[in-house]
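The data block below is structure08.cif; it holds mmCIF, C-alpha atoms.
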data_coords
loop_
_atom_site.label_atom_id
_atom_site.label_comp_id
_atom_site.auth_asym_id
_atom_site.auth_seq_id
_atom_site.Cartn_x
_atom_site.Cartn_y
_atom_site.Cartn_z
CA MET E 38 -18.33 -56.20 74.10
CA ARG E 39 -17.88 -55.89 70.35
CA ARG E 40 -20.74 -53.38 70.16
CA LEU E 41 -19.28 -51.37 73.03
CA LEU E 42 -15.89 -51.18 71.33
CA PHE E 43 -17.51 -50.20 68.04
CA ALA E 44 -19.47 -47.47 69.83
CA LEU E 45 -16.23 -46.20 71.39
CA VAL E 46 -14.61 -46.04 67.96
CA LEU E 47 -17.57 -44.09 66.55
CA LEU E 48 -17.53 -41.70 69.50
CA SER E 49 -13.81 -41.03 69.13
CA ALA E 50 -14.23 -40.49 65.41
CA ALA E 51 -17.13 -38.12 66.01
CA THR E 52 -15.07 -36.13 68.54
CA LEU E 53 -12.12 -35.91 66.20
CA PHE E 54 -14.05 -34.96 63.09
CA ALA E 55 -17.15 -33.02 64.23
CA ALA E 56 -15.11 -29.91 65.05
CA ASP E 57 -13.54 -28.01 62.15
CA ASP E 58 -16.22 -29.06 59.66
CA TYR E 59 -16.18 -25.64 58.03
CA THR E 60 -16.84 -25.32 54.30
CA LEU E 61 -15.56 -22.57 52.02
CA GLY E 62 -18.19 -20.33 50.42
CA PRO E 63 -18.42 -18.78 46.94
CA ASP E 64 -16.30 -15.75 47.88
CA SER E 65 -13.39 -18.14 48.43
CA MET E 66 -13.78 -19.70 44.96
CA PRO E 67 -12.60 -18.23 41.65
CA GLN E 68 -15.54 -16.73 39.76
CA ASP E 69 -15.63 -16.54 35.95
CA ASP E 70 -16.73 -12.91 35.69
CA VAL E 71 -14.25 -11.59 38.25
CA PRO E 72 -10.95 -10.09 37.04
CA GLN E 73 -7.93 -11.72 38.62
CA GLY E 74 -5.12 -9.89 40.34
CA LYS E 75 -1.48 -10.77 39.86
CA VAL E 76 0.72 -12.52 42.40
CA THR E 77 4.48 -12.02 42.06
CA GLY E 78 6.84 -14.23 44.00
CA PRO E 79 8.36 -15.77 45.88
CA LEU E 80 10.85 -12.93 46.05
CA LYS E 81 13.80 -12.99 48.45
CA TRP E 82 14.56 -10.47 51.17
CA THR E 83 17.70 -10.21 53.33
CA SER E 84 16.95 -8.21 56.44
CA LYS E 85 19.04 -5.80 58.45
CA VAL E 86 16.45 -5.30 61.20
CA PHE E 87 16.52 -9.07 61.77
CA ASP E 88 20.16 -9.11 60.87
CA GLY E 89 21.32 -12.25 59.11
CA THR E 90 17.87 -13.55 58.13
CA VAL E 91 16.55 -14.21 54.67
CA ARG E 92 12.92 -14.81 53.77
CA ASP E 93 10.47 -15.26 50.90
CA TYR E 94 7.68 -12.83 50.20
CA TRP E 95 4.90 -12.44 47.62
CA VAL E 96 3.01 -9.41 46.38
CA TYR E 97 -0.61 -9.48 45.15
CA VAL E 98 -1.78 -6.54 43.05
CA PRO E 99 -5.50 -6.45 42.19
CA ALA E 100 -6.65 -6.01 38.61
CA GLN E 101 -8.34 -2.75 39.63
CA TYR E 102 -5.10 -1.15 40.82
CA LYS E 103 -4.26 2.16 39.15
CA ALA E 104 -0.87 3.77 39.58
CA GLU E 105 -2.36 7.23 40.14
CA GLN E 106 -4.40 6.00 43.13
CA PRO E 107 -2.40 4.65 46.12
CA ALA E 108 -3.80 1.29 47.15
CA CYS E 109 -4.59 0.03 50.60
CA VAL E 110 -2.16 -2.52 52.02
CA MET E 111 -2.64 -5.73 53.94
CA VAL E 112 0.37 -7.58 55.33
CA PHE E 113 0.22 -11.31 56.09
CA GLN E 114 2.71 -13.18 58.26
CA ASP E 115 3.40 -16.82 57.23
CA GLY E 116 2.82 -15.48 53.76
CA GLY E 117 3.04 -18.82 51.98
CA THR E 118 -0.01 -20.07 53.87
CA TYR E 119 -2.18 -17.10 53.00
CA VAL E 120 -1.13 -16.56 49.39
CA ASN E 121 -1.81 -20.16 48.35
CA ALA E 122 -4.87 -19.99 46.06
CA LYS E 123 -5.78 -23.57 46.96
CA GLY E 124 -5.08 -23.35 50.70
CA GLN E 125 -7.32 -22.72 53.69
CA PHE E 126 -7.36 -18.92 53.21
CA ARG E 127 -6.86 -18.29 49.45
CA VAL E 128 -6.42 -14.58 49.99
CA PRO E 129 -5.80 -13.65 46.32
CA VAL E 130 -9.09 -15.32 45.32
CA VAL E 131 -11.02 -13.68 48.17
CA PHE E 132 -9.46 -10.29 47.42
CA ASP E 133 -10.40 -10.66 43.71
CA ASN E 134 -14.03 -11.37 44.61
CA LEU E 135 -14.50 -8.76 47.32
CA ILE E 136 -12.70 -5.97 45.47
CA HIS E 137 -14.77 -6.69 42.35
CA LYS E 138 -17.98 -6.42 44.40
CA LYS E 139 -16.62 -3.28 46.09
CA GLN E 140 -16.97 -4.93 49.47
CA MET E 141 -13.41 -3.97 50.28
CA PRO E 142 -11.13 -1.29 48.82
CA VAL E 143 -8.46 -1.87 46.18
CA THR E 144 -5.84 -3.54 48.36
CA VAL E 145 -2.34 -4.81 47.72
CA GLY E 146 -1.47 -7.97 49.65
CA ILE E 147 2.07 -8.49 50.97
CA PHE E 148 2.69 -12.07 52.09
CA ILE E 149 5.85 -12.51 54.14
CA SER E 150 7.45 -15.70 55.39
CA PRO E 151 9.29 -15.64 58.71
CA GLY E 152 13.03 -15.13 58.51
CA GLU E 153 15.58 -17.91 58.52
CA PHE E 154 19.27 -18.04 59.26
CA LEU E 155 20.86 -20.09 56.49
CA ALA E 156 22.79 -23.18 57.48
CA GLU E 157 26.01 -22.11 55.70
CA GLY E 158 27.21 -25.65 55.35
CA LYS E 159 25.97 -28.68 57.24
CA GLY E 160 22.69 -28.78 59.15
CA LYS E 161 19.31 -27.11 58.76
CA ASN E 162 18.41 -23.44 58.43
CA ARG E 163 17.35 -21.94 61.75
CA SER E 164 13.88 -20.43 61.79
CA ASN E 165 13.53 -17.03 63.44
CA ARG E 166 9.71 -17.29 63.45
CA SER E 167 9.12 -17.45 67.19
CA PHE E 168 11.52 -14.62 67.93
CA GLU E 169 10.03 -12.35 65.25
CA TYR E 170 6.39 -13.18 65.82
CA ASP E 171 6.06 -13.88 69.54
CA THR E 172 8.25 -11.11 70.93
CA VAL E 173 6.29 -8.22 72.38
CA SER E 174 8.25 -5.33 70.88
CA ASN E 175 8.20 -2.91 67.98
CA GLN E 176 10.86 -4.77 66.05
CA TYR E 177 8.58 -6.48 63.56
CA ALA E 178 6.72 -3.25 62.86
CA SER E 179 10.12 -1.58 62.31
CA PHE E 180 11.05 -4.34 59.89
CA LEU E 181 7.89 -3.66 57.88
CA GLU E 182 8.26 0.11 58.05
CA LYS E 183 11.94 0.24 57.12
CA GLU E 184 12.29 -2.72 54.77
CA LEU E 185 9.35 -4.53 53.21
CA LEU E 186 6.86 -1.69 52.78
CA PRO E 187 9.38 0.63 51.09
CA GLU E 188 10.60 -2.24 48.91
CA VAL E 189 7.10 -3.08 47.66
CA GLY E 190 6.40 0.66 47.40
CA LYS E 191 9.07 0.93 44.71
CA THR E 192 6.80 -0.83 42.21
CA VAL E 193 3.29 -0.28 43.60
CA LYS E 194 1.89 2.95 44.98
CA LEU E 195 0.73 2.24 48.55
CA ARG E 196 -1.22 4.28 51.05
CA ASP E 197 1.01 5.40 53.92
CA ASP E 198 -1.74 6.19 56.43
CA ALA E 199 -2.80 3.72 59.10
CA ALA E 200 -6.45 3.84 57.96
CA GLY E 201 -5.34 2.25 54.70
CA ARG E 202 -3.25 -0.50 56.28
CA ALA E 203 -4.14 -3.83 57.83
CA ILE E 204 -2.11 -6.74 59.15
CA CYS E 205 -3.04 -10.38 59.57
CA GLY E 206 -1.55 -13.60 60.89
CA ILE E 207 -2.25 -17.05 62.26
CA SER E 208 -1.06 -18.44 65.61
CA SER E 209 2.17 -16.62 66.46
CA GLY E 210 1.52 -14.60 63.30
CA GLY E 211 -1.73 -13.48 64.89
CA ILE E 212 -0.16 -12.03 68.01
CA CYS E 213 2.52 -10.57 65.75
CA ALA E 214 -0.19 -8.71 63.83
CA PHE E 215 -1.67 -7.36 67.06
CA THR E 216 1.76 -6.36 68.38
CA ALA E 217 2.60 -4.47 65.19
CA ALA E 218 -0.61 -2.43 65.40
CA TRP E 219 -0.37 -2.03 69.19
CA GLU E 220 3.20 -0.74 68.99
CA ARG E 221 2.65 1.30 65.82
CA PRO E 222 -1.00 2.35 65.47
CA ASP E 223 0.34 5.07 63.15
CA LEU E 224 1.32 2.29 60.73
CA PHE E 225 -1.57 -0.18 61.03
CA SER E 226 -5.12 0.44 62.21
CA LYS E 227 -6.67 -2.94 61.38
CA VAL E 228 -5.77 -6.34 62.80
CA LEU E 229 -6.95 -9.81 61.77
CA SER E 230 -5.81 -12.62 64.04
CA HIS E 231 -6.48 -16.32 63.42
CA VAL E 232 -6.01 -18.60 66.45
CA GLY E 233 -3.71 -15.90 67.81
CA SER E 234 -1.06 -16.98 70.32
CA PHE E 235 -1.86 -14.53 73.11
CA THR E 236 -0.19 -16.90 75.55
CA ASN E 237 3.11 -16.95 77.40
CA ILE E 238 5.35 -18.10 74.56
CA ARG E 239 7.47 -14.98 74.92
CA GLY E 240 5.36 -12.90 77.30
CA GLY E 241 2.37 -12.31 75.00
CA ASP E 242 -0.03 -13.14 77.82
CA VAL E 243 0.60 -9.60 79.07
CA TYR E 244 -1.87 -8.11 76.57
CA PRO E 245 -5.25 -8.52 78.30
CA GLY E 246 -3.95 -6.62 81.33
CA LEU E 247 -2.03 -4.13 79.21
CA ILE E 248 -5.10 -3.30 77.11
CA ARG E 249 -7.12 -2.52 80.24
CA LYS E 250 -4.52 -0.13 81.60
CA THR E 251 -3.55 1.70 78.43
CA GLU E 252 -5.32 4.58 76.81
CA LYS E 253 -7.42 3.27 73.93
CA LYS E 254 -5.50 3.07 70.67
CA PRO E 255 -7.00 3.78 67.21
CA ILE E 256 -7.04 0.16 66.09
CA ARG E 257 -9.77 -2.25 65.04
CA VAL E 258 -9.34 -5.92 65.89
CA TYR E 259 -10.92 -9.08 64.47
CA LEU E 260 -10.06 -12.18 66.50
CA GLN E 261 -10.92 -15.72 65.47
CA ASP E 262 -10.45 -18.77 67.68
CA GLY E 263 -12.14 -22.04 68.63
CA SER E 264 -12.86 -24.07 71.75
CA GLY E 265 -10.70 -26.89 70.36
CA ASP E 266 -7.59 -24.73 70.17
CA LEU E 267 -4.39 -25.49 72.07
CA ASP E 268 -3.97 -25.82 75.82
CA ASN E 269 -0.34 -26.46 76.70
CA LEU E 270 2.67 -25.22 78.63
CA HIS E 271 2.38 -21.74 77.11
CA GLY E 272 -1.27 -21.31 78.04
CA SER E 273 -4.80 -21.91 76.85
CA TRP E 274 -5.45 -20.37 73.44
CA PRO E 275 -9.25 -20.31 73.79
CA LEU E 276 -9.04 -18.64 77.21
CA ALA E 277 -6.35 -16.25 75.99
CA ASN E 278 -8.50 -15.10 73.06
CA LEU E 279 -11.55 -14.80 75.31
CA GLN E 280 -9.44 -12.68 77.67
CA MET E 281 -8.32 -10.51 74.77
CA ALA E 282 -11.94 -10.01 73.69
CA ALA E 283 -13.06 -9.18 77.23
CA SER E 284 -10.30 -6.58 77.57
CA LEU E 285 -11.01 -5.03 74.18
CA LYS E 286 -14.70 -4.84 75.08
CA HIS E 287 -13.93 -3.31 78.47
CA MET E 288 -11.95 -0.54 76.81
CA GLY E 289 -14.55 0.12 74.13
CA TYR E 290 -12.54 -1.10 71.15
CA ASP E 291 -14.13 -1.84 67.79
CA TYR E 292 -13.58 -5.59 67.84
CA VAL E 293 -15.05 -8.97 66.98
CA LEU E 294 -14.30 -12.37 68.43
CA ALA E 295 -15.46 -15.11 66.05
CA TYR E 296 -15.42 -18.09 68.40
CA GLY E 297 -16.10 -21.52 66.95
CA ASP E 298 -15.26 -25.07 67.91
CA GLY E 299 -12.20 -25.57 65.73
CA GLY E 300 -8.64 -26.35 66.59
CA HIS E 301 -5.29 -24.77 65.92
CA ASN E 302 -5.64 -24.38 62.18
CA GLY E 303 -7.02 -22.11 59.50
CA LYS E 304 -10.24 -23.92 58.65
CA HIS E 305 -12.64 -21.64 60.51
CA GLY E 306 -10.63 -18.50 59.78
CA GLY E 307 -10.45 -19.38 56.11
CA VAL E 308 -14.17 -19.91 55.78
CA ILE E 309 -15.01 -16.60 57.46
CA LEU E 310 -12.18 -14.68 55.80
CA PRO E 311 -14.52 -12.87 53.39
CA GLU E 312 -16.79 -11.58 56.15
CA SER E 313 -13.76 -10.73 58.31
CA LEU E 314 -12.31 -8.59 55.55
CA VAL E 315 -15.61 -6.87 54.82
CA TRP E 316 -15.94 -5.98 58.51
CA LEU E 317 -12.32 -4.87 58.82
CA TRP E 318 -12.38 -2.59 55.75
CA ARG E 319 -15.96 -1.35 56.04
CA ASP E 320 -15.04 2.30 56.52
CA VAL E 321 -12.62 2.46 53.60
CA LYS E 322 -13.81 2.93 50.02
CA MET D 152 -12.69 -57.65 66.98
CA THR D 153 -9.19 -57.30 65.52
CA ARG D 154 -10.39 -54.70 63.01
CA THR D 155 -12.13 -52.73 65.75
CA LEU D 156 -9.03 -52.66 67.93
CA PHE D 157 -6.94 -51.67 64.95
CA ALA D 158 -9.29 -48.76 64.20
CA LEU D 159 -9.04 -47.62 67.84
CA ALA D 160 -5.27 -47.87 67.75
CA VAL D 161 -5.09 -45.76 64.58
CA LEU D 162 -7.41 -43.11 66.03
CA PHE D 163 -5.47 -42.78 69.27
CA ALA D 164 -2.15 -42.81 67.43
CA LEU D 165 -3.30 -39.99 65.16
CA ALA D 166 -4.68 -37.82 67.98
CA PRO D 167 -1.28 -36.56 69.26
CA ALA D 168 -0.23 -35.71 65.71
CA ALA D 169 -3.21 -33.37 65.48
CA ARG D 170 -1.72 -31.20 68.27
CA ALA D 171 1.09 -28.71 67.73
CA GLN D 172 4.55 -29.82 68.78
CA ASP D 173 5.42 -28.48 72.22
CA MET D 174 8.07 -29.47 74.69
CA PRO D 175 6.89 -29.14 78.27
CA LEU D 176 9.35 -29.97 81.04
CA SER D 177 7.25 -33.02 81.81
CA GLN D 178 8.68 -34.59 78.64
CA ILE D 179 12.13 -34.82 80.20
CA LEU D 180 11.51 -34.92 83.95
CA ILE D 181 10.98 -38.36 85.46
CA ASP D 182 8.66 -38.91 88.42
CA GLY D 183 10.66 -39.79 91.48
CA GLU D 184 13.96 -38.63 90.01
CA ASP D 185 15.72 -35.58 91.40
CA TRP D 186 19.25 -34.23 91.63
CA MET D 187 21.67 -36.59 93.35
CA HIS D 188 24.85 -35.41 94.95
CA ALA D 189 27.64 -37.37 93.32
CA GLY D 190 30.34 -36.16 95.65
CA ARG D 191 33.53 -34.24 95.13
CA MET D 192 35.33 -34.87 91.93
CA VAL D 193 38.38 -33.24 90.47
CA ARG D 194 37.63 -32.15 86.95
CA LEU D 195 40.15 -33.59 84.55
CA THR D 196 39.32 -31.30 81.64
CA ALA D 197 39.64 -27.55 81.53
CA ARG D 198 36.48 -25.58 82.08
CA PRO D 199 34.43 -25.64 78.88
CA SER D 200 33.87 -22.49 76.87
CA VAL D 201 30.60 -20.66 77.26
CA VAL D 202 29.14 -21.91 73.99
CA ALA D 203 26.97 -24.90 73.20
CA THR D 204 25.84 -26.21 69.82
CA SER D 205 22.72 -27.77 68.36
CA PRO D 206 22.75 -31.55 67.83
CA ASP D 207 23.67 -31.22 64.16
CA GLY D 208 26.30 -28.59 64.93
CA SER D 209 24.73 -26.01 62.63
CA THR D 210 23.87 -23.49 65.38
CA THR D 211 26.06 -22.15 68.18
CA PHE D 212 24.54 -20.70 71.35
CA ARG D 213 26.30 -18.36 73.71
CA TRP D 214 25.61 -15.89 76.47
CA VAL D 215 27.78 -12.85 77.05
CA SER D 216 25.40 -10.45 78.73
CA GLY D 217 21.80 -9.33 78.52
CA ARG D 218 18.46 -11.03 78.72
CA PHE D 219 18.93 -13.58 75.92
CA VAL D 220 20.95 -16.64 75.14
CA GLU D 221 22.10 -15.75 71.64
CA ALA D 222 22.41 -17.91 68.54
CA ARG D 223 24.34 -17.86 65.31
CA GLN D 224 24.92 -20.31 62.47
CA THR D 225 28.16 -22.10 63.33
CA ASN D 226 29.68 -21.54 59.91
CA ALA D 227 28.43 -17.98 59.56
CA LYS D 228 30.69 -15.59 57.71
CA GLU D 229 33.04 -13.32 59.61
CA GLY D 230 31.20 -10.35 61.04
CA VAL D 231 27.75 -11.95 61.23
CA PRO D 232 26.47 -11.09 64.68
CA TYR D 233 24.83 -13.37 67.20
CA ALA D 234 21.06 -12.87 67.38
CA PRO D 235 18.92 -12.92 70.54
CA TYR D 236 17.21 -16.29 70.81
CA CYS D 237 16.20 -17.69 74.23
CA PRO D 238 14.65 -15.07 76.57
CA LEU D 239 15.98 -15.53 80.10
CA ARG D 240 13.71 -15.46 83.08
CA VAL D 241 15.45 -13.12 85.53
CA LYS D 242 14.93 -12.65 89.25
CA LYS D 243 13.47 -9.24 90.00
CA GLY D 244 16.16 -6.76 90.91
CA GLU D 245 18.98 -8.94 89.64
CA ALA D 246 21.03 -8.83 86.48
CA PRO D 247 20.73 -11.72 84.01
CA SER D 248 23.44 -14.33 84.38
CA VAL D 249 24.18 -17.61 82.61
CA THR D 250 27.01 -19.58 84.10
CA ALA D 251 26.89 -22.78 82.02
CA LYS D 252 25.14 -24.21 78.98
CA THR D 253 24.51 -27.46 77.22
CA THR D 254 22.15 -29.04 74.69
CA ASP D 255 20.46 -32.42 74.43
CA ARG D 256 19.91 -34.81 71.53
CA ASP D 257 16.44 -33.35 70.87
CA GLY D 258 17.78 -29.82 70.42
CA ARG D 259 16.77 -28.40 73.80
CA ILE D 260 19.06 -25.71 75.18
CA TYR D 261 19.90 -25.74 78.90
CA ALA D 262 21.13 -22.55 80.57
CA ALA D 263 22.29 -22.55 84.21
CA THR D 264 21.11 -19.37 85.94
CA PRO D 265 20.54 -18.20 89.53
CA LEU D 266 16.89 -19.32 89.19
CA GLY D 267 17.83 -22.83 88.13
CA VAL D 268 18.44 -24.57 84.83
CA GLN D 269 16.29 -22.85 82.22
CA VAL D 270 15.33 -25.26 79.44
CA TYR D 271 14.38 -24.04 75.95
CA ASP D 272 12.96 -25.85 72.95
CA PRO D 273 14.88 -25.77 69.65
CA THR D 274 12.97 -22.65 68.58
CA GLY D 275 14.15 -20.77 71.66
CA ARG D 276 10.91 -20.87 73.66
CA LEU D 277 11.13 -21.48 77.40
CA CYS D 278 9.93 -24.95 78.36
CA GLY D 279 10.46 -24.33 82.06
CA VAL D 280 12.97 -23.97 84.87
CA VAL D 281 14.47 -27.00 86.63
CA HIS D 282 15.30 -26.16 90.23
CA PRO D 283 19.04 -25.95 90.96
CA PRO D 284 20.74 -28.92 92.65
CA ALA D 285 22.07 -26.88 95.55
CA PRO D 286 22.56 -23.27 96.61
CA GLY D 287 25.33 -21.60 94.71
CA LYS D 288 26.39 -21.16 91.16
CA ILE D 289 26.38 -23.97 88.61
CA ASP D 290 29.61 -23.42 86.75
CA GLU D 291 29.48 -26.37 84.40
CA LEU D 292 26.65 -28.31 82.77
CA GLY D 293 26.73 -31.37 80.54
CA PHE D 294 25.28 -34.78 79.81
CA LEU D 295 26.60 -38.20 80.65
CA GLY D 296 24.26 -40.43 78.66
CA ASP D 297 20.78 -39.72 80.00
CA ARG D 298 22.09 -37.91 83.06
CA LEU D 299 22.35 -34.14 83.30
CA VAL D 300 25.50 -33.32 85.23
CA ALA D 301 25.95 -30.02 87.05
CA TRP D 302 29.13 -28.83 88.73
CA ASN D 303 29.16 -26.44 91.64
CA GLY D 304 32.83 -25.87 92.37
CA ASP D 305 34.22 -29.35 92.96
CA GLN D 306 30.82 -30.79 93.91
CA ARG D 307 29.06 -32.80 91.24
CA TYR D 308 25.30 -33.34 90.95
CA VAL D 309 23.54 -35.70 88.60
CA ARG D 310 19.92 -35.98 87.48
CA LYS D 311 18.44 -38.66 85.25
CA LEU D 312 16.26 -37.23 82.48
CA ASN D 313 14.08 -38.62 79.72
CA THR D 314 16.57 -37.52 77.08
CA ALA D 315 20.31 -37.74 76.52
CA GLY D 316 23.22 -35.66 75.48
CA VAL D 317 24.40 -35.13 71.94
CA LYS D 318 26.58 -38.00 70.75
#
Show me, as structure tokens, the structure contained in the file I just sent.
Amino acid sequence: MRRLLFALVLLSAATLFAADDYTLGPDSMPQDDVPQGKVTGPLKWTSKVFDGTVRDYWVYVPAQYKAEQPACVMVFQDGGTYVNAKGQFRVPVVFDNLIHKKQMPVTVGIFISPGEFLAEGKGKNRSNRSFEYDTVSNQYASFLEKELLPEVGKTVKLRDDAAGRAICGISSGGICAFTAAWERPDLFSKVLSHVGSFTNIRGGDVYPGLIRKTEKKPIRVYLQDGSGDLDNLHGSWPLANLQMAASLKHMGYDYVLAYGDGGHNGKHGGVILPESLVWLWRDVK
Amino acid sequence: MTRTLFALAVLFALAPAARAQDMPLSQILIDGEDWMHAGRMVRLTARPSVVATSPDGSTTFRWVSGRFVEARQTNAKEGVPYAPYCPLRVKKGEAPSVTAKTTDRDGRIYAATPLGVQVYDPTGRLCGVVHPPAPGKIDELGFLGDRLVAWNGDQRYVRKLNTAGVK
């Protein structure tokens, strides 16, 4: 009986810990001979498009940036997660390494937190994340076009063509990235989605069908998900991402689905971030 | 033996924490419980206003028209508009309509509509729709302890839930 119980414990532990055992590679680590870009922030932004919200944002400018040459742009939702040099993604470190090796173009990173309505007295701030990220509309793209991109453009020269712009997010941030490019392919041509929430949180499960019945758009999509991702009242994330991939394939899109065994986190996406970026930016020098 | 059981207990306790926080209807609905007709009752208080607030009072929810229950910080400065928050599920061919609202102690928002009582989590995502107690419009909604109370004219209906109203 004791041995059986012990075996059960080991089995449970194995199930819990075998998935998500991804390990960061050298492109996610600072390298001595690689010049480092500069991260400014957090800065504060009060929005009119999402009227009443305030949010933090950060800007990464690579060491190779030159004012006379507009830089490519990559926007990240849940910016604090991606900009953290010791987090699961470590985007500034990865950008430093890949740009130095010329495996991606000189790219400015804009890391944006979701908006919040301030408490104005007692109680907590109210997060506007789900509304901003999960809603299938052009509002978030409008917010970027009218507010954040021009604001960052005041101090850094940015490319204004879709070929030079990418957008990335995790979970609801992932579907947000896809929505922005889907609604405004003239603004963003490259999408990177980590455990994207293509489920029925706010109607996002419409995409697989919509993709199949819409003329192909000029966007490139990198999806990452895992078999251990969420399955709940909003839908099944693994199935939703598989559906997205099947629809993109059916319509002849330039896409990748990196499908692992991880759960609803950034471990797998973080480890493959360098190769994702190289794939996404491969046609831009 | 004790150490083994403890290890098991820790593992199983940790497992739910590894999942994202979601609020399916099954969290509040109780097997075997349904709406109960509590008879005719004269309401002693005037009809409530069409707003409800979060448990800590910091957010006010309202519906005036359109496809969203809207939200605004309760102490927001003059002129700050309400923002769309909870997307309403609407019957095809019909206009959106919310006839009553309430909130529970866990921050869920309840909106009485022609489809039933639409329940939202504190971030404004639809958890699900609870079927209405009877044909006709619910024109008041509230909690009496752990019982959701719905008024349809002078008829009162009560349903026990796995939550409670805001104290």
Extract, using only C-alpha atoms, all DNA, RNA and protein residues at most 10 Å from Arg307 in chain D, discarding same-chain residues fewer than 6 positions from it, and format them as a PyMOL selection string.
-> chain D and resi 186-194+284+289+291-292+300-301
Considering only C-alpha atoms, extract the chain D residues located within 6 Å of chain E and return them as a ChimeraX atom specification. /D:159,175,207,209,226
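Our summary of the geometry notes that CA of Asp197 in chain E is positioned 20.7 Å from CA of Val315 in chain E.
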* Best match for closeness to Ser248 in chain D among D:Gly275, D:Pro265, D:Gly183, D:Pro206, counting only C-alpha atoms ->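 Ranking D:Gly275, D:Pro265, D:Gly183, D:Pro206 by distance to Ser248 in chain D, first place goes to D:Pro265.
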- Query: Using only C-alpha atoms, what residues lie at most 8 Å away from (5.4, -0.4, 68.3) (file coordinates), given as an MDAnalysis selection string?
  - Reply: chainID E and resid 174:176 178:179 216:222
Item to complete: Could you pull out every residue with an atom within 10 Å of (-8.0, -14.6, 79.5), file coordinates, counting all atoms listed in the file, and send them as a VMD selection string?
Response: chain E and resid 235 to 236 242 to 246 272 to 284
In Å to one decimal, how far is CA of Ala214 in chain E from CA of Gly190 in chain E?
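Going from CA of Gly190 in chain E over to CA of Ala214 in chain E, I get 20.0 Å.
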Skip range 217-219 of chain D itself and residues of its chain fewer than 3 positions away, then list as a PyMOL selection string all residues within 9 Å of it, counting all atoms listed in the file.
chain D and resi 214+234-241+246-248
Report task. Could you state which residues are captured by the PyMOL selection byres ((chain E and resi 290-295) around 8) in this file, as a PyMOL selection string? Result -> chain E and resi 253+256-262+278-279+282+285-289+296-297
So which residues touch Val145 in chain E within 12 Å, counting all atoms listed in the file, skipping near sequence neighbours fewer than 6 positions away, as a short mmCIF file (atom, residue, chain, number, x, y, z; two decimals) with C-alpha atoms, in the frame of the given file?
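Contents of the output file around26.cif:
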data_model
loop_
_atom_site.label_atom_id
_atom_site.label_comp_id
_atom_site.auth_asym_id
_atom_site.auth_seq_id
_atom_site.Cartn_x
_atom_site.Cartn_y
_atom_site.Cartn_z
CA GLY E 74 -5.12 -9.89 40.34
CA LYS E 75 -1.48 -10.77 39.86
CA VAL E 76 0.72 -12.52 42.40
CA THR E 77 4.48 -12.02 42.06
CA TRP E 95 4.90 -12.44 47.62
CA VAL E 96 3.01 -9.41 46.38
CA TYR E 97 -0.61 -9.48 45.15
CA VAL E 98 -1.78 -6.54 43.05
CA PRO E 99 -5.50 -6.45 42.19
CA ALA E 100 -6.65 -6.01 38.61
CA GLN E 101 -8.34 -2.75 39.63
CA TYR E 102 -5.10 -1.15 40.82
CA LYS E 103 -4.26 2.16 39.15
CA ALA E 104 -0.87 3.77 39.58
CA GLN E 106 -4.40 6.00 43.13
CA PRO E 107 -2.40 4.65 46.12
CA ALA E 108 -3.80 1.29 47.15
CA CYS E 109 -4.59 0.03 50.60
CA VAL E 110 -2.16 -2.52 52.02
CA MET E 111 -2.64 -5.73 53.94
CA VAL E 112 0.37 -7.58 55.33
CA PHE E 113 0.22 -11.31 56.09
CA VAL E 120 -1.13 -16.56 49.39
CA VAL E 128 -6.42 -14.58 49.99
CA PRO E 129 -5.80 -13.65 46.32
CA PHE E 132 -9.46 -10.29 47.42
CA ASP E 133 -10.40 -10.66 43.71
CA ILE E 136 -12.70 -5.97 45.47
CA LEU E 186 6.86 -1.69 52.78
CA VAL E 189 7.10 -3.08 47.66
CA GLY E 190 6.40 0.66 47.40
CA THR E 192 6.80 -0.83 42.21
CA VAL E 193 3.29 -0.28 43.60
CA LYS E 194 1.89 2.95 44.98
CA LEU E 195 0.73 2.24 48.55
CA ARG E 196 -1.22 4.28 51.05
CA GLY E 201 -5.34 2.25 54.70
CA ARG E 202 -3.25 -0.50 56.28
CA ALA E 203 -4.14 -3.83 57.83
CA ILE E 204 -2.11 -6.74 59.15
#
### Proximity to Glu221 in chain D - best of D:Thr274, D:Asp173, D:Gln178, D:Gly244, all atoms listed in the file
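The answer is D:Thr274, which sits nearest to Glu221 in chain D.
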- Query: Could you work out how far CA of Asp93 in chain E lies from CA of Leu80 in chain E, giving the answer in Å with one decimal?
  - Reply: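 About the pair CA of Leu80 in chain E and CA of Asp93 in chain E: they are 5.4 Å apart.
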Next on the checklist: So that I can see what lies close to Thr225 in chain D, please list as a VMD selection string the residues with an atom at most 7 Å from it, counting only C-alpha atoms and leaving out residues fewer than 5 positions away in the same chain.
Outcome noted: chain D and resid 208 to 211
Exercise for the section: Taking the file above as input, evaluate the PyMOL selection byres ((chain E and resi 308) around 10) and report the hits as a list of chain:residue names. Expected result: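 Selected by the PyMOL selection byres ((chain E and resi 308) around 10) here: E:Tyr59, E:Thr60, E:Leu61, E:Gly62, E:Pro63, E:Asp64, E:Ser65, E:Gln125, E:Phe126, E:Arg127, E:Gly303, E:Lys304, E:His305, E:Gly306, E:Gly307, E:Ile309, E:Leu310, E:Pro311, E:Glu312, E:Ser313.
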**Message:** Using all atoms listed in the file for the distances, tell me which of D:Leu299, D:Lys318, D:Pro273, D:Asp290 is nearest to Leu180 in chain D.
**Reply:**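 When distances to Leu180 in chain D are compared using all atoms listed in the file, the smallest one comes from D:Leu299.
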Range 275-282 of chain E, all listed atoms, 8 Å padding on each side: what axis-aligned box centre and edge lengths in Å to one decimal come out, as lines of an AutoDock Vina configuration file?
center_x = -9.1
center_y = -15.2
center_z = 75.4
size_x = 21.6
size_y = 26.3
size_z = 20.6
